[in-house]
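Q: What follows is the file target_6.csv, containing CSV, C-alpha atoms and all ligand atoms:
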```csv
chain,number,residue,atom,x,y,z
A,1,MET,CA,66.8,89.0,44.7
A,2,GLU,CA,70.1,88.0,46.3
A,3,ILE,CA,72.9,90.5,45.6
A,4,ILE,CA,75.5,88.5,47.6
A,5,LYS,CA,75.8,84.7,47.6
A,6,LEU,CA,78.6,82.7,49.1
A,7,GLU,CA,78.7,78.9,48.5
A,8,ASN,CA,81.1,76.9,50.7
A,9,ILE,CA,83.6,79.6,51.0
A,10,SER,CA,86.8,78.8,52.9
A,11,LYS,CA,89.8,81.1,53.4
A,12,THR,CA,93.2,79.8,54.7
A,13,TYR,CA,96.1,82.1,55.4
A,14,GLY,CA,99.7,80.9,55.5
A,15,ILE,CA,101.1,77.4,55.0
A,16,ASN,CA,102.1,74.4,57.1
A,17,ASP,CA,102.5,75.1,60.8
A,18,GLY,CA,101.5,78.8,60.3
A,19,LYS,CA,98.2,77.9,58.7
A,20,VAL,CA,95.1,79.7,59.9
A,21,GLU,CA,91.7,78.7,58.7
A,22,ALA,CA,90.0,82.0,58.9
A,23,LEU,CA,86.7,80.9,57.2
A,24,LYS,CA,85.5,77.3,57.1
A,25,ASN,CA,82.9,76.4,54.5
A,26,ILE,CA,80.7,79.4,54.8
A,27,SER,CA,77.4,79.6,52.8
A,28,LEU,CA,75.4,82.8,53.0
A,29,LYS,CA,72.9,84.9,51.0
A,30,ILE,CA,72.1,88.6,51.4
A,31,ASN,CA,69.2,90.1,49.5
A,32,GLU,CA,69.3,93.4,47.8
A,33,GLY,CA,68.2,96.1,50.1
A,34,GLU,CA,68.9,94.2,53.4
A,35,LEU,CA,70.6,95.8,56.4
A,36,VAL,CA,72.8,93.1,57.9
A,37,ALA,CA,75.1,92.9,60.9
A,38,ILE,CA,78.0,90.5,61.2
A,39,VAL,CA,79.0,89.9,64.8
A,40,GLY,CA,81.5,87.7,66.6
A,41,ALA,CA,84.6,87.7,68.8
A,42,SER,CA,87.9,89.2,67.7
A,43,GLY,CA,89.7,86.8,65.3
A,44,SER,CA,86.5,84.9,64.4
A,45,GLY,CA,86.8,85.8,60.7
A,46,LYS,CA,84.5,88.9,60.3
A,47,SER,CA,86.9,91.1,58.4
A,48,THR,CA,88.0,88.2,56.2
A,49,LEU,CA,84.4,87.6,55.3
A,50,LEU,CA,83.8,91.3,54.6
A,51,ASN,CA,86.9,91.5,52.5
A,52,ILE,CA,85.8,88.6,50.4
A,53,ILE,CA,82.3,90.1,50.0
A,54,GLY,CA,84.1,93.4,49.0
A,55,CYS,CA,86.3,91.8,46.4
A,56,ILE,CA,89.4,92.9,48.3
A,57,ASP,CA,90.4,89.3,49.0
A,58,LYS,CA,89.8,86.0,47.2
A,59,PRO,CA,88.6,82.8,48.9
A,60,THR,CA,90.8,79.8,49.0
A,61,SER,CA,87.9,77.7,47.9
A,62,GLY,CA,84.2,78.0,47.2
A,63,LYS,CA,82.1,80.3,45.0
A,64,TYR,CA,81.2,83.9,45.4
A,65,PHE,CA,78.4,85.5,43.3
A,66,ILE,CA,77.9,89.2,43.3
A,67,ASP,CA,74.7,90.5,41.7
A,68,GLY,CA,74.4,87.1,40.0
A,69,TYR,CA,77.9,87.1,38.6
A,70,ASN,CA,80.3,84.4,39.6
A,71,THR,CA,83.6,86.1,40.6
A,72,ASN,CA,85.6,82.9,40.7
A,73,GLY,CA,87.3,83.4,37.3
A,74,TYR,CA,88.0,87.0,38.0
A,75,ARG,CA,91.6,88.2,37.9
A,76,GLU,CA,92.9,91.1,40.0
A,77,LYS,CA,91.8,93.6,37.4
A,78,ASP,CA,88.3,92.2,37.1
A,79,LEU,CA,88.0,92.2,40.9
A,80,ALA,CA,89.1,95.8,41.1
A,81,LYS,CA,86.5,96.8,38.5
A,82,CYS,CA,83.8,94.8,40.3
A,83,ARG,CA,84.7,96.5,43.5
A,84,ASN,CA,84.7,100.0,42.0
A,85,SER,CA,81.3,99.6,40.5
A,86,ASN,CA,79.5,97.7,43.2
A,87,ILE,CA,81.1,98.3,46.6
A,88,GLY,CA,81.6,101.2,49.0
A,89,PHE,CA,83.9,100.4,51.9
A,90,VAL,CA,83.8,102.1,55.3
A,91,LEU,CA,86.5,101.3,58.0
A,92,GLN,CA,86.9,101.7,61.7
A,93,TYR,CA,89.8,104.2,61.4
A,94,PHE,CA,88.3,105.9,58.3
A,95,GLY,CA,91.1,105.0,56.0
A,96,LEU,CA,91.4,108.6,54.7
A,97,ILE,CA,94.6,110.0,53.2
A,98,ASN,CA,96.0,112.5,55.7
A,99,SER,CA,97.8,114.7,53.2
A,100,TYR,CA,94.6,115.1,51.1
A,101,THR,CA,91.8,117.4,51.8
A,102,VAL,CA,88.2,116.2,52.4
A,103,TYR,CA,87.4,117.1,48.8
A,104,GLU,CA,90.4,115.2,47.4
A,105,ASN,CA,89.7,112.1,49.6
A,106,VAL,CA,86.2,111.9,48.3
A,107,GLU,CA,87.3,112.5,44.7
A,108,LEU,CA,89.7,109.6,44.7
A,109,PRO,CA,87.4,106.8,43.8
A,110,LEU,CA,86.1,108.9,40.8
A,111,ILE,CA,89.7,109.3,39.6
A,112,TYR,CA,90.3,105.5,39.9
A,113,SER,CA,87.1,104.8,37.9
A,114,LYS,CA,87.9,107.6,35.3
A,115,ARG,CA,84.6,109.4,35.9
A,116,LYS,CA,83.8,112.7,34.3
A,117,LYS,CA,82.0,115.6,36.1
A,118,ARG,CA,83.8,114.8,39.2
A,119,LYS,CA,83.4,118.1,41.0
A,120,GLU,CA,79.6,118.0,40.7
A,121,LEU,CA,79.5,114.4,42.2
A,122,VAL,CA,81.9,115.2,45.0
A,123,LEU,CA,80.1,118.4,46.1
A,124,ASP,CA,76.7,116.7,45.8
A,125,ILE,CA,77.7,113.8,48.1
A,126,LEU,CA,79.5,116.2,50.6
A,127,LYS,CA,76.3,118.2,50.8
A,128,LYS,CA,74.2,115.1,51.4
A,129,LEU,CA,76.4,114.1,54.3
A,130,ASN,CA,76.3,117.5,55.7
A,131,ILE,CA,80.1,118.0,55.6
A,132,ILE,CA,80.4,120.4,52.7
A,133,GLU,CA,81.7,123.2,54.8
A,134,LYS,CA,84.8,121.1,55.6
A,135,LYS,CA,85.7,120.4,52.0
A,136,ASP,CA,89.1,122.1,52.1
A,137,LYS,CA,90.1,120.8,55.6
A,138,PHE,CA,92.4,117.9,56.2
A,139,PRO,CA,91.4,114.8,58.2
A,140,ARG,CA,93.4,116.0,61.3
A,141,GLU,CA,91.3,119.1,61.5
A,142,LEU,CA,88.1,117.1,61.8
A,143,SER,CA,86.5,115.1,64.7
A,144,GLY,CA,86.0,111.3,64.5
A,145,GLY,CA,82.4,111.6,63.5
A,146,GLN,CA,83.2,114.2,60.8
A,147,ASN,CA,85.9,112.0,59.4
A,148,GLN,CA,83.6,109.0,59.3
A,149,ARG,CA,81.1,111.1,57.4
A,150,VAL,CA,83.9,111.9,54.9
A,151,ALA,CA,84.7,108.2,54.7
A,152,ILE,CA,81.0,107.4,54.0
A,153,ALA,CA,80.9,110.1,51.3
A,154,ARG,CA,84.0,108.5,49.7
A,155,ALA,CA,82.3,105.1,49.9
A,156,LEU,CA,79.2,106.5,48.2
A,157,VAL,CA,80.6,108.8,45.5
A,158,ASN,CA,80.6,106.0,42.9
A,159,SER,CA,77.0,105.2,43.7
A,160,PRO,CA,77.6,101.6,44.7
A,161,LYS,CA,74.7,99.2,45.4
A,162,ILE,CA,76.5,97.7,48.4
A,163,ILE,CA,78.0,99.4,51.4
A,164,LEU,CA,80.3,97.3,53.6
A,165,ALA,CA,81.3,98.8,56.9
A,166,ASP,CA,84.0,97.1,59.1
A,167,GLU,CA,83.4,98.3,62.7
A,168,PRO,CA,82.4,101.8,61.4
A,169,THR,CA,81.6,103.0,64.9
A,170,GLY,CA,84.5,101.2,66.7
A,171,ALA,CA,86.5,104.5,67.2
A,172,LEU,CA,83.5,106.7,68.0
A,173,ASP,CA,81.6,107.6,71.2
A,174,LYS,CA,78.0,106.5,71.7
A,175,ASP,CA,76.2,109.5,70.3
A,176,THR,CA,78.5,109.8,67.3
A,177,SER,CA,78.1,106.1,66.7
A,178,GLN,CA,74.4,106.5,66.5
A,179,GLN,CA,74.7,109.4,64.1
A,180,VAL,CA,76.8,107.2,61.8
A,181,MET,CA,74.3,104.4,62.2
A,182,ASP,CA,71.5,106.7,61.3
A,183,ILE,CA,73.3,107.6,58.1
A,184,LEU,CA,73.7,103.9,57.3
A,185,ILE,CA,70.0,103.2,58.0
A,186,GLU,CA,69.0,106.1,55.8
A,187,LEU,CA,71.2,104.8,52.9
A,188,ASN,CA,69.5,101.4,53.4
A,189,LYS,CA,66.1,103.0,53.2
A,190,GLN,CA,67.2,104.5,49.9
A,191,GLY,CA,67.8,101.0,48.6
A,192,LYS,CA,71.4,100.3,49.4
A,193,THR,CA,72.4,96.9,50.7
A,194,VAL,CA,74.3,97.5,53.9
A,195,VAL,CA,76.6,95.0,55.7
A,196,ILE,CA,78.1,96.1,59.0
A,197,VAL,CA,80.7,94.3,61.1
A,198,THR,CA,80.3,95.3,64.7
A,199,HIS,CA,81.0,94.5,68.3
A,200,ASP,CA,78.2,96.8,69.5
A,201,GLU,CA,74.9,95.3,70.3
A,202,ASN,CA,73.3,98.8,70.0
A,203,ILE,CA,74.2,98.7,66.3
A,204,SER,CA,73.4,95.1,65.5
A,205,LYS,CA,70.0,95.2,67.1
A,206,GLN,CA,69.0,98.0,64.6
A,207,CYS,CA,69.7,95.6,61.6
A,208,ASP,CA,67.2,93.4,59.8
A,209,LYS,CA,69.5,90.3,60.2
A,210,VAL,CA,72.3,89.4,62.5
A,211,ILE,CA,74.9,86.8,61.3
A,212,ARG,CA,77.0,85.4,64.2
A,213,ILE,CA,80.5,84.1,63.3
A,214,GLU,CA,82.4,81.8,65.6
A,215,ASP,CA,85.8,80.5,64.8
A,216,GLY,CA,85.4,80.9,61.0
A,217,CYS,CA,81.9,79.3,60.9
A,218,ILE,CA,78.4,80.9,60.9
A,219,ASN,CA,76.9,80.1,64.2
A,220,SER,CA,73.5,81.6,63.7
A,221,VAL,CA,71.5,83.9,61.5
A,222,ASP,CA,68.5,85.7,63.0
B,1,LIG,N1,96.6,88.5,56.2
B,1,LIG,C1,96.5,87.6,57.2
B,1,LIG,N2,97.5,86.7,57.3
B,1,LIG,C2,97.5,85.7,58.2
B,1,LIG,N3,96.4,85.5,59.1
B,1,LIG,C3,95.4,86.4,59.0
B,1,LIG,C4,95.4,87.5,58.1
B,1,LIG,N4,94.2,88.2,58.2
B,1,LIG,C5,93.6,87.5,59.2
B,1,LIG,N5,94.3,86.5,59.7
B,1,LIG,C6,93.8,85.6,60.8
B,1,LIG,O1,92.6,85.0,60.4
B,1,LIG,C7,91.7,85.0,61.5
B,1,LIG,C8,90.5,85.8,61.3
B,1,LIG,O2,90.9,87.2,61.3
B,1,LIG,P1,89.9,88.4,61.0
B,1,LIG,O3,89.0,88.1,59.8
B,1,LIG,O4,90.6,89.6,60.9
B,1,LIG,O5,88.9,88.4,62.3
B,1,LIG,P2,88.0,89.5,62.9
B,1,LIG,O6,87.8,90.6,61.9
B,1,LIG,O7,86.8,88.7,63.3
B,1,LIG,O8,88.7,90.0,64.2
B,1,LIG,C9,92.5,85.4,62.7
B,1,LIG,O9,93.1,84.3,63.3
B,1,LIG,C10,93.6,86.2,62.1
B,1,LIG,O10,94.8,86.2,62.9
B,2,MG,MG,88.2,92.6,62.0
```
In structure tokens, write the structure found in this file.
Ligand SMILES: Nc1ncnc2c1ncn2[C@@H]1O[C@H](COP(=O)(O)OP(=O)(O)O)[C@@H](O)[C@H]1O
Ligand SMILES: [Mg+2]
A:
Amino acid sequence: MEIIKLENISKTYGINDGKVEALKNISLKINEGELVAIVGASGSGKSTLLNIIGCIDKPTSGKYFIDGYNTNGYREKDLAKCRNSNIGFVLQYFGLINSYTVYENVELPLIYSKRKKRKELVLDILKKLNIIEKKDKFPRELSGGQNQRVAIARALVNSPKIILADEPTGALDKDTSQQVMDILIELNKQGKTVVIVTHDENISKQCDKVIRIEDGCINSVD
């Protein structure tokens, strides 16, 4: 069953002379439980594509279905709700709040979605990601790999079906990158749909499917 379906999606930034066609008529299906890499040169449209899949951004034209629901009519509020219940985002520079502890960073999505029993959920996910002993530390006190584990914990705490990762290993060394990849592979084995934007062939070759983007178009899928 396809959990992500894009039909003729285009995205244009700016107007007149400043116009950039970041995505040009992209159609794409991702099945539930797939582990997918999106690769392509810098500026080719990878982040734009991931942001549309993640309901952070809206396409200029085309249709986007998530879990069978057409998101086209969604207003900002609906998109935020859709994002909160379906999507976990992981970013290159972790996107953690520096003045919050590890615990507080991971709790944040639960506060947004007004969840109860937050403590139990946060501690449980921190345990699963082997980072529980750092719960009262601040991001600056952690290594890159540890911060990325915190960011993954935050992405997972709402139990989303889909994990989207934008160059999640881009700021990490080779060994730490593989540790983060191993976590993403494990989550995929547990049934999550995982989409990873990456420059690193070591990462993309471990995925079921590789989507190559060139100048806003899908060049190949294999
Ligand atoms: N918010 C924005 N406003 C204007 N142009 C943008 C914006 N975001 C991205 N772009 C442009 O869209 C194109 C695709 O960008 P992006 O999706 O970030 O590429 P990638 O992630 O592959 O490096 C680039 O030309 C970029 O400059
Ligand atoms: Mg990018």
Q: Place a sphere of radius 10 Å on (79.7, 81.6, 47.1) in the file coordinates and name every protein, DNA or RNA residue with an atom inside or on its surface, counting all atoms listed in the file; give the answer as a PyMOL selection string.
A: chain A and resi 4-10+25-29+52-53+59+61-66+70-72
Q: Which residues are near ligand MG 2 (chain B) - at most 8 Å, using all atoms listed in the file? Format: as a ChimeraX atom specification.
A: /A:42-43,45-48,166-167,197
Q: For ligand LIG 1 (chain B), return the neighbouring residues as JSON, numbers by chain (distance at most 10 Å; all atoms listed in the file).
A: {"A": [11, 12, 13, 14, 15, 18, 19, 20, 21, 22, 23, 38, 39, 40, 41, 42, 43, 44, 45, 46, 47, 48, 49, 50, 51, 52, 57, 166, 167, 197, 198, 199, 213, 214, 215, 216]}
Q: With only C-alpha atoms as the atoms that count, which of A:Val102, A:Ile163, A:Tyr112, A:Lys117 lies nearest to A:Arg140?
A: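 For A:Arg140, the nearest of the given residues is A:Val102.
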Q: What is the atom CA of A:Val195 to atom CA of A:Val36 distance in Å?
A: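 We find that atom CA of A:Val195 and atom CA of A:Val36 lie 4.8 Å from each other.
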Q: May I ask which of the residues A:Gly68, A:Ile87, A:Glu141, A:Leu156 is the closest one to A:Glu107, counting all atoms listed in the file?
A: A:Leu156
Q: Tell me, in Å to one decimal, how far atom CA of A:Ile56 is from atom CA of A:Ala155.
A: 14.2 Å
Q: Between atom CA of A:Leu126 and atom CA of A:Gly54, what is the distance in Å, rounded to a tenth?
A: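 Taking atom CA of A:Leu126 as the start and atom CA of A:Gly54 as the end point, the length is 23.3 Å.
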Q: Could you check the closest approach to A:Cys55 for each of A:Gly88, A:Gly33, A:Pro139, A:Gly145 and tell me which residue wins, using all atoms listed in the file?
A: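 Of the candidates, the smallest distance to A:Cys55 is held by A:Gly88.
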Q: Neighbouring residues of A:Lys205 were defined as those with any atom within 12 Å, considering only C-alpha atoms; residues of the same chain fewer than 2 positions away were excluded. Please report them as a list of chain:residue names.
A: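 Non-adjacent residues within range: A:Leu35, A:Val36, A:Ala37, A:Ile38, A:Val39, A:Met181, A:Ile196, A:Thr198, A:His199, A:Asp200, A:Glu201, A:Asn202, A:Ile203, A:Cys207, A:Asp208, A:Lys209, A:Val210, A:Ile211, A:Asp222.
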Q: Would you save the residues of that selection, restricted to C-alpha atoms, as an mmCIF file, in the coordinates of the input?
A:
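Everything below was put into selection_36.cif:
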```cif
data_model
loop_
_atom_site.group_PDB
_atom_site.id
_atom_site.type_symbol
_atom_site.label_atom_id
_atom_site.label_comp_id
_atom_site.auth_asym_id
_atom_site.auth_seq_id
_atom_site.Cartn_x
_atom_site.Cartn_y
_atom_site.Cartn_z
ATOM 1 C CA LEU A 35 70.600 95.800 56.400
ATOM 2 C CA VAL A 36 72.800 93.100 57.900
ATOM 3 C CA ALA A 37 75.100 92.900 60.900
ATOM 4 C CA ILE A 38 78.000 90.500 61.200
ATOM 5 C CA VAL A 39 79.000 89.900 64.800
ATOM 6 C CA MET A 181 74.300 104.400 62.200
ATOM 7 C CA ILE A 196 78.100 96.100 59.000
ATOM 8 C CA THR A 198 80.300 95.300 64.700
ATOM 9 C CA HIS A 199 81.000 94.500 68.300
ATOM 10 C CA ASP A 200 78.200 96.800 69.500
ATOM 11 C CA GLU A 201 74.900 95.300 70.300
ATOM 12 C CA ASN A 202 73.300 98.800 70.000
ATOM 13 C CA ILE A 203 74.200 98.700 66.300
ATOM 14 C CA CYS A 207 69.700 95.600 61.600
ATOM 15 C CA ASP A 208 67.200 93.400 59.800
ATOM 16 C CA LYS A 209 69.500 90.300 60.200
ATOM 17 C CA VAL A 210 72.300 89.400 62.500
ATOM 18 C CA ILE A 211 74.900 86.800 61.300
ATOM 19 C CA ASP A 222 68.500 85.700 63.000
#
```
Q: Which residues are close to A:Tyr74, i.e. within 10 Å by all atoms listed in the file, leaving aside same-chain residues fewer than 5 positions away? Reply as a list in words.
A: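 Contacts, in chain order: Cys55, Lys58, Leu79, Ala80, Lys81 and Cys82 of chain A.
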Q: Name the residues in contact with A:Leu110 at a cut-off of 10 Å, using all atoms listed in the file, excluding same-chain residues fewer than 3 positions from it; report them as a list in words.
A: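 So, after excluding close chain neighbours, the residues are Asn84, Val106, Glu107, Ser113, Lys114, Arg115, Lys116, Lys117, Arg118, Lys119, Leu121, Val122, Arg154, Val157 and Asn158 of chain A.
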